[in-house]
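Read the structure below first, then the notes.
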Number of protein chains: 2
Amino acid sequence: MSALSRQRGLSRSIEDYLKTIYEIEAREGAAQTNAIAEALAIAPPSVSGMVKRLSESGLLEHVPYRGVQLTQVGRRTAMRVLRRHRILEKYLTAKLGYDWDSVHDEAERLEHAASDELVERMAMALGNPEFDPHGAPIPTRDGMVTAPDLIPLSEVEIGEIAELRRVSDKDSELLRYLRSLGLRLGVVFEVVGRQPFRGPVTIQFTAPPHAEEVVGFELAQSLGCIIRGDEVG
Amino acid sequence: MSALSRQRGLSRSIEDYLKTIYEIEAREGAAQTNAIAEALAIAPPSVSGMVKRLSESGLLEHVPYRGVQLTQVGRRTAMRVLRRHRILEKYLTAKLGYDWDSVHDEAERLEHAASDELVERMAMALGNPEFDPHGAPIPTRDGMVTAPDLIPLSEVEIGEIAELRRVSDKDSELLRYLRSLGLRLGVVFEVVGRQPFRGPVTIQFTAPPHAEEVVGFELAQSLGCIIRGDEVG
DNA sequence: TTCCATTTTTAGCTTCCACTAATAATATTT
DNA sequence: AAATATTATTAGTGGAAGCTAAAAATGGAA
């Protein structure tokens with residue numbers, strides 16, 4: 001019985017690995033060593049070592065040279081960390097005046113120190129929110145997430161009215177840029193132009209002053225929207 | 001230039017050492033190895049090792065076989081940690097429903113993860129409180145503490161009216177016991193009995209229902225009071 | 001199929017920070 | 001002053017988690 005099997009005593013590192021692996025797995029099916037290393041900004045051999053320990057303690061399964069998948073236990077742990085992170089982000093913005101571009105780093109550190117009790121108290125104080133300030137769904141206490149079906153802005157057709165529902169929380173410079181464009185969660189706009197060959201998307205806000213903005217294709221891919229219906233021709 | 005000289009990058013361990021050394025030093029003039037070890041619940045040789053590293057990086061001065069004193073830099077750091085801890089305690093009790101007996105452990109972990117910015121936002125949200133939930137003074141941003149002059153309950157004379165102003169935050173069982181006696185901060189009582197030879201102190205609350213309680217000498221030593229004036233004979 | 005690029009792993013080090021066992025220095029008592 | 005008790009330090013170890021350099025496995029291209 002390894003040292004990992006303490007009650008809540010998973011190290012900061014391990015929590016970070018599990019959370020990261022969960023995210024990569026959700027995106028790509030399995031998490032490869034290099035992808036994990038890059039996401040955590042550490043060297044690949046360090047990942048190999050940790051993966052071995054984590055699989056020995058039953059948190060994930062590892063097919064050498066293939067990749068890694070969380071076990072039930074691993075996934076549940078990852079969800080707990082993710083819940084902590086997202087509730088913290090929500091609390092910090094809602095109650096302590098943080099902006100969506102500054103909240104990630106703070107939550108990143110706090111998620112390893114905050115007890116489940118604290119996080120549940122925060123959730124309570126917030127009225128059990130379903131989404132964090134970037135639109136990411138907050139897992140429930142029993143580890144369920146239900147992400148609404150969103151469409152990347154890059155795939156919204158010309159003439160459609162869409163609402164911004166989700167952005168990535170990772171890059172704070174990008175988040176500041178989005179805010180400067182008026183792209184906050186819940187904002188509604190019409191797609192008025194789309195250049196071919198992965199070209200930029202032009203949008204026009206439906207609310208006055210109906211500003212028009214141009215968004216690069218890559219960025220547009222990362223913006224999750226729902227369609228609000230077509231404009232009346 | 002050692003690894004310690006990073007911006008805010010003092011490890012959790014180091015922050016704990018500095019805070020603990022500050023507290024012992026405040027109580028006893030200098031912090032001895034064994035006292036530090038006991039306070040941190042680690043073995044004395046571990047302290048010897050860390051003390052060497054800390055003194056090499058200028059955070060404290062060490063006279064072998066004598067003890068340890070913080071330098072200016074070390075003291076300032078300790079005060080920052082202490083400020084973080086106490087504001088966190090205050091915030092958690094004031095805003096998130098924690099009790100004075102459960103708040104210490106949570107703050108103990110968060111104090112190493114919370115940024116100064118977060119702590120200042122909390123302080124702001126609280127109206128810049130001067131005391132934590134146990135009556136300990138919160139250091140200012142520039143590292144000043146002014147502790148009011150308190151008298152241990154064990155030294156309050158019979159017939160004097162006193163107000164409870166400070167308790168230790170370390171032992172949560174004890175804090176629950178105090179609460180069960182009605183001994184909260186700000187409560188006012190008269191000392192109606194004092195047994196000699198370090199015997200118990202009997203108090204009677206001035207507020208209805210004027211309950212009488214008996215407090216052991218050791219406990220009475222740890223309760224900080226201010227005298228509110230004598231009873232009118 | 002053979003070769004090359006990519007991806008992963010092994011081997012071997014380093015730092016941090018704890019531990020135990022043994023030793024040394026200081027303080028106290030006789 | 002000698003003997004004892006207390007206190008602190010050295011010496012050596014261990015685990016967690018990172019690193020680099022070198023080797024190995026895999027998969028795609030020639």
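Residue numbering restarts at 1 for every chain of the structure tokens, chains are lettered A, B, ... in their displayed order, and ligands are numbered from 1 as they appear.
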Quick one: residues within 12 Å of B:Glu61, only C-alpha atoms (C1' of nucleotides), excluding same-chain residues fewer than 3 positions away - as a PyMOL selection string?
chain B and resi 18+21+30-32+51-58+64+66-75
Let's have the selection written as a PDB file, in the first residue's frame, with C-alpha atoms.
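File part-v2.pdb, as written:
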```pdb
ATOM      1  CA  LEU B  18       9.093  31.695   9.833  1.00  0.00           C
ATOM      2  CA  ILE B  21       9.655  31.167  14.882  1.00  0.00           C
ATOM      3  CA  ALA B  30      14.492  33.548  21.099  1.00  0.00           C
ATOM      4  CA  ALA B  31      13.344  30.371  19.433  1.00  0.00           C
ATOM      5  CA  GLN B  32      15.166  27.218  20.426  1.00  0.00           C
ATOM      6  CA  VAL B  51      17.682  26.615  10.318  1.00  0.00           C
ATOM      7  CA  LYS B  52      21.010  26.381   8.589  1.00  0.00           C
ATOM      8  CA  ARG B  53      19.448  26.973   5.207  1.00  0.00           C
ATOM      9  CA  LEU B  54      17.307  29.835   6.443  1.00  0.00           C
ATOM     10  CA  SER B  55      20.212  31.568   8.087  1.00  0.00           C
ATOM     11  CA  GLU B  56      22.300  31.129   4.956  1.00  0.00           C
ATOM     12  CA  SER B  57      19.612  32.899   2.999  1.00  0.00           C
ATOM     13  CA  GLY B  58      19.417  35.734   5.490  1.00  0.00           C
ATOM     14  CA  PRO B  64      24.432  27.520  17.668  1.00  0.00           C
ATOM     15  CA  ARG B  66      21.473  29.195  21.699  1.00  0.00           C
ATOM     16  CA  GLY B  67      18.574  29.739  19.385  1.00  0.00           C
ATOM     17  CA  VAL B  68      17.331  31.688  16.494  1.00  0.00           C
ATOM     18  CA  GLN B  69      16.074  35.181  15.771  1.00  0.00           C
ATOM     19  CA  LEU B  70      14.454  36.493  12.636  1.00  0.00           C
ATOM     20  CA  THR B  71      16.187  39.173  10.615  1.00  0.00           C
ATOM     21  CA  GLN B  72      14.271  42.166   9.284  1.00  0.00           C
ATOM     22  CA  VAL B  73      13.580  40.262   6.094  1.00  0.00           C
ATOM     23  CA  GLY B  74      12.547  37.139   7.948  1.00  0.00           C
ATOM     24  CA  ARG B  75      10.292  39.071  10.259  1.00  0.00           C
TER      25      ARG B  75
END
```
Please return, as JSON, numbers by chain, all residues of chain B lying within 12 Å of chain C when only C-alpha atoms (C1' of nucleotides) are considered.
{"B": [2, 3, 4, 10, 11, 12, 13, 14, 37, 40, 41, 42, 43, 44, 45, 46, 47, 48, 49, 50, 51, 53, 64, 65, 66]}
Proximity of chain D to chain B: per-residue shortest pair, 12 Å limit, only C-alpha atoms (C1' of nucleotides), as a tab-separated table:
```
residue	atom	partner	partner_atom	distance
D:DT6	C1'	B:Asn34	CA	10.6
D:DT7	C1'	B:Tyr65	CA	7.4
D:DA8	C1'	B:Tyr65	CA	5.7
D:DT9	C1'	B:Ser48	CA	7.0
D:DT10	C1'	B:Pro45	CA	9.1
D:DA11	C1'	B:Pro45	CA	11.0
```
Can you check which parts of chain A lie within 7 Å of chain B? Per residue, the shortest pair of atoms and distance in Å to one decimal, counting only C-alpha atoms, sorted by chain and number, as CSV.
```
residue,atom,partner,partner_atom,distance
A:Leu96,CA,B:Arg121,CA,6.3
A:Arg109,CA,B:Ala113,CA,5.4
A:Leu110,CA,B:Ala113,CA,5.5
A:Ala113,CA,B:Arg109,CA,5.4
A:Ala114,CA,B:Leu110,CA,6.5
A:Arg121,CA,B:Leu96,CA,6.3
```
Mind fitting chain A to chain B by least squares on all Cα atoms in order and giving back the moved coordinates as a short mmCIF file (atom, residue, chain, number, x, y, z; two decimals) with C-alpha atoms, in the first residue's frame?
```cif
data_model
loop_
_atom_site.label_atom_id
_atom_site.label_comp_id
_atom_site.auth_asym_id
_atom_site.auth_seq_id
_atom_site.Cartn_x
_atom_site.Cartn_y
_atom_site.Cartn_z
CA MET A 1 22.20 33.08 -4.71
CA SER A 2 20.19 30.20 -3.40
CA ALA A 3 16.90 28.93 -4.67
CA LEU A 4 15.19 30.65 -1.77
CA SER A 5 15.64 34.09 -3.22
CA ARG A 6 12.77 33.83 -5.63
CA GLN A 7 10.17 36.57 -5.56
CA ARG A 8 7.30 35.10 -3.55
CA GLY A 9 8.55 31.59 -3.93
CA LEU A 10 9.08 30.66 -0.32
CA SER A 11 7.96 27.12 0.19
CA ARG A 12 5.12 26.14 2.41
CA SER A 13 7.66 24.70 4.84
CA ILE A 14 9.69 27.86 5.01
CA GLU A 15 6.63 30.00 5.58
CA ASP A 16 5.63 27.71 8.41
CA TYR A 17 9.05 27.91 9.99
CA LEU A 18 9.12 31.70 9.83
CA LYS A 19 5.64 32.07 11.26
CA THR A 20 6.37 29.62 14.05
CA ILE A 21 9.71 31.17 14.88
CA TYR A 22 8.08 34.56 15.03
CA GLU A 23 5.51 33.31 17.49
CA ILE A 24 8.03 31.59 19.73
CA GLU A 25 10.35 34.58 19.59
CA ALA A 26 7.53 36.89 20.60
CA ARG A 27 6.82 34.68 23.59
CA GLU A 28 10.30 33.73 24.67
CA GLY A 29 12.83 36.09 23.18
CA ALA A 30 14.61 33.53 21.04
CA ALA A 31 13.44 30.37 19.38
CA GLN A 32 15.26 27.20 20.36
CA THR A 33 15.58 24.28 18.03
CA ASN A 34 13.49 21.98 20.14
CA ALA A 35 10.74 24.51 20.62
CA ILE A 36 10.51 24.99 16.88
CA ALA A 37 10.49 21.26 16.32
CA GLU A 38 7.73 20.76 18.81
CA ALA A 39 5.59 23.57 17.46
CA LEU A 40 5.89 22.22 13.94
CA ALA A 41 5.56 18.61 15.06
CA ILE A 42 8.76 17.53 13.35
CA ALA A 43 12.01 16.03 14.61
CA PRO A 44 14.73 18.36 15.96
CA PRO A 45 17.36 17.33 13.39
CA SER A 46 15.03 18.46 10.64
CA VAL A 47 14.94 21.86 12.27
CA SER A 48 18.72 22.03 12.46
CA GLY A 49 18.92 21.46 8.74
CA MET A 50 16.30 23.99 7.83
CA VAL A 51 17.69 26.59 10.22
CA LYS A 52 21.02 26.32 8.47
CA ARG A 53 19.42 26.95 5.09
CA LEU A 54 17.30 29.81 6.38
CA SER A 55 20.23 31.54 7.98
CA GLU A 56 22.30 31.09 4.83
CA SER A 57 19.59 32.88 2.91
CA GLY A 58 19.43 35.70 5.40
CA LEU A 59 16.01 35.09 6.87
CA LEU A 60 17.28 34.50 10.37
CA GLU A 61 20.34 34.51 12.52
CA HIS A 62 21.48 31.45 14.32
CA VAL A 63 23.79 31.20 17.27
CA PRO A 64 24.58 27.49 17.47
CA TYR A 65 23.32 25.84 20.62
CA ARG A 66 21.62 29.12 21.53
CA GLY A 67 18.70 29.73 19.30
CA VAL A 68 17.42 31.66 16.42
CA GLN A 69 16.16 35.16 15.71
CA LEU A 70 14.50 36.48 12.60
CA THR A 71 16.23 39.15 10.55
CA GLN A 72 14.32 42.15 9.25
CA VAL A 73 13.59 40.24 6.06
CA GLY A 74 12.57 37.13 7.94
CA ARG A 75 10.33 39.06 10.24
CA ARG A 76 8.63 40.87 7.41
CA THR A 77 7.93 37.59 5.71
CA ALA A 78 6.59 36.09 8.90
CA MET A 79 4.27 39.03 9.32
CA ARG A 80 2.95 38.61 5.83
CA VAL A 81 2.14 34.99 6.52
CA LEU A 82 0.55 35.90 9.82
CA ARG A 83 -1.53 38.59 8.18
CA ARG A 84 -2.68 36.13 5.57
CA HIS A 85 -3.58 33.59 8.20
CA ARG A 86 -5.54 35.95 10.38
CA ILE A 87 -7.43 37.64 7.61
CA LEU A 88 -8.33 34.25 6.22
CA GLU A 89 -9.62 33.16 9.60
CA LYS A 90 -11.66 36.30 9.89
CA TYR A 91 -13.04 35.98 6.39
CA LEU A 92 -13.98 32.35 6.77
CA THR A 93 -15.88 32.99 9.97
CA ALA A 94 -17.46 36.25 8.93
CA LYS A 95 -18.45 35.33 5.39
CA LEU A 96 -18.60 31.58 5.15
CA GLY A 97 -20.01 30.45 8.45
CA TYR A 98 -16.97 28.81 9.96
CA ASP A 99 -16.75 28.50 13.72
CA TRP A 100 -13.77 29.63 15.72
CA ASP A 101 -12.86 26.03 16.42
CA SER A 102 -12.78 24.84 12.82
CA VAL A 103 -11.21 27.79 11.09
CA HIS A 104 -7.59 27.36 12.06
CA ASP A 105 -6.79 24.25 10.02
CA GLU A 106 -8.39 25.64 6.91
CA ALA A 107 -6.50 28.92 7.22
CA GLU A 108 -3.32 27.02 7.92
CA ARG A 109 -3.47 25.47 4.47
CA LEU A 110 -4.85 28.46 2.61
CA GLU A 111 -2.27 30.89 3.96
CA HIS A 112 0.35 29.30 1.70
CA ALA A 113 -1.78 29.31 -1.42
CA ALA A 114 -3.59 32.63 -1.17
CA SER A 115 -1.94 35.55 -2.92
CA ASP A 116 -1.48 38.85 -1.20
CA GLU A 117 -3.98 40.23 -3.65
CA LEU A 118 -6.64 37.79 -2.53
CA VAL A 119 -5.95 38.51 1.08
CA GLU A 120 -6.18 42.25 0.53
CA ARG A 121 -9.49 41.80 -1.25
CA MET A 122 -10.77 39.82 1.68
CA ALA A 123 -9.52 42.44 4.11
CA MET A 124 -11.33 45.07 2.08
CA ALA A 125 -14.54 43.04 2.03
CA LEU A 126 -14.28 42.80 5.81
CA GLY A 127 -13.60 46.50 6.31
CA ASN A 128 -9.97 45.99 7.31
CA PRO A 129 -10.52 44.22 10.59
CA GLU A 130 -7.97 44.59 13.38
CA PHE A 131 -8.49 41.25 15.05
CA ASP A 132 -9.04 37.67 14.00
CA PRO A 133 -11.82 35.48 15.45
CA HIS A 134 -9.62 34.52 18.39
CA GLY A 135 -8.75 38.09 19.23
CA ALA A 136 -5.25 38.00 17.73
CA PRO A 137 -4.23 41.31 16.18
CA ILE A 138 -3.90 41.30 12.40
CA PRO A 139 -0.59 42.78 11.22
CA THR A 140 -0.91 45.71 8.86
CA ARG A 141 0.22 45.48 5.24
CA ASP A 142 3.56 46.96 6.24
CA GLY A 143 4.09 44.42 8.95
CA MET A 144 3.16 46.23 12.13
CA VAL A 145 1.28 44.57 14.97
CA THR A 146 0.00 46.31 18.00
CA ALA A 147 -1.31 43.90 20.54
CA PRO A 148 -3.47 45.49 23.21
CA ASP A 149 -2.32 44.95 26.74
CA LEU A 150 -4.29 42.05 28.06
CA ILE A 151 -4.35 40.38 31.44
CA PRO A 152 -4.64 36.63 31.79
CA LEU A 153 -7.86 35.62 33.49
CA SER A 154 -5.68 33.85 36.03
CA GLU A 155 -4.51 37.24 37.25
CA VAL A 156 -7.80 39.07 37.47
CA GLU A 157 -8.68 39.83 41.08
CA ILE A 158 -11.86 38.77 42.79
CA GLY A 159 -14.57 41.36 42.37
CA GLU A 160 -13.23 42.73 39.12
CA ILE A 161 -15.33 42.82 35.99
CA ALA A 162 -13.46 41.62 32.90
CA GLU A 163 -14.12 41.12 29.24
CA LEU A 164 -12.71 38.19 27.27
CA ARG A 165 -10.57 39.50 24.45
CA ARG A 166 -8.29 36.72 23.31
CA VAL A 167 -8.02 32.96 23.19
CA SER A 168 -5.50 30.61 21.61
CA ASP A 169 -6.47 29.38 18.16
CA LYS A 170 -4.43 26.21 18.25
CA ASP A 171 -6.62 23.65 20.00
CA SER A 172 -10.04 23.24 18.48
CA GLU A 173 -11.31 20.94 21.21
CA LEU A 174 -10.50 23.60 23.73
CA LEU A 175 -12.28 26.20 21.64
CA ARG A 176 -15.40 24.07 21.53
CA TYR A 177 -15.22 23.70 25.28
CA LEU A 178 -14.90 27.45 25.76
CA ARG A 179 -17.91 28.05 23.58
CA SER A 180 -19.88 25.50 25.57
CA LEU A 181 -19.10 27.52 28.70
CA GLY A 182 -20.34 30.70 27.05
CA LEU A 183 -16.82 32.08 26.82
CA ARG A 184 -16.89 33.96 23.53
CA LEU A 185 -14.89 37.05 22.68
CA GLY A 186 -16.47 40.13 24.16
CA VAL A 187 -18.34 38.33 26.89
CA VAL A 188 -18.24 40.15 30.23
CA PHE A 189 -18.05 38.51 33.63
CA GLU A 190 -17.05 39.06 37.22
CA VAL A 191 -14.38 37.01 38.92
CA VAL A 192 -16.13 35.67 41.99
CA GLY A 193 -13.57 33.15 43.18
CA ARG A 194 -9.89 32.27 42.94
CA GLN A 195 -8.37 29.23 44.55
CA PRO A 196 -4.75 29.54 45.66
CA PHE A 197 -1.88 27.32 44.48
CA ARG A 198 -2.72 27.60 40.80
CA GLY A 199 -6.26 26.62 41.53
CA PRO A 200 -9.36 27.29 39.45
CA VAL A 201 -11.03 30.64 38.86
CA THR A 202 -14.76 31.07 39.25
CA ILE A 203 -16.54 33.60 37.09
CA GLN A 204 -20.08 34.83 36.82
CA PHE A 205 -21.42 36.31 33.62
CA THR A 206 -22.88 39.77 33.99
CA ALA A 207 -25.53 39.12 31.38
CA PRO A 208 -28.56 37.05 32.26
CA PRO A 209 -28.87 34.25 33.20
CA HIS A 210 -25.73 35.17 35.18
CA ALA A 211 -24.35 31.67 34.97
CA GLU A 212 -21.34 30.76 37.08
CA GLU A 213 -18.49 28.75 35.62
CA VAL A 214 -15.25 27.35 36.97
CA VAL A 215 -12.11 27.57 34.85
CA GLY A 216 -8.87 25.70 35.54
CA PHE A 217 -5.78 27.74 36.23
CA GLU A 218 -3.86 26.72 33.14
CA LEU A 219 -6.77 27.53 30.89
CA ALA A 220 -7.30 30.81 32.73
CA GLN A 221 -3.68 31.70 32.01
CA SER A 222 -4.37 31.45 28.30
CA LEU A 223 -7.44 33.69 28.29
CA GLY A 224 -6.64 37.34 27.64
CA CYS A 225 -8.91 39.88 29.29
CA ILE A 226 -9.31 43.57 29.86
CA ILE A 227 -10.61 44.92 33.12
CA ARG A 228 -13.94 46.69 32.81
CA GLY A 229 -13.96 48.18 36.28
CA ASP A 230 -14.97 46.92 39.70
CA GLU A 231 -18.39 45.93 40.76
CA VAL A 232 -20.16 48.50 42.80
CA GLY A 233 -19.95 47.12 46.36
#
```
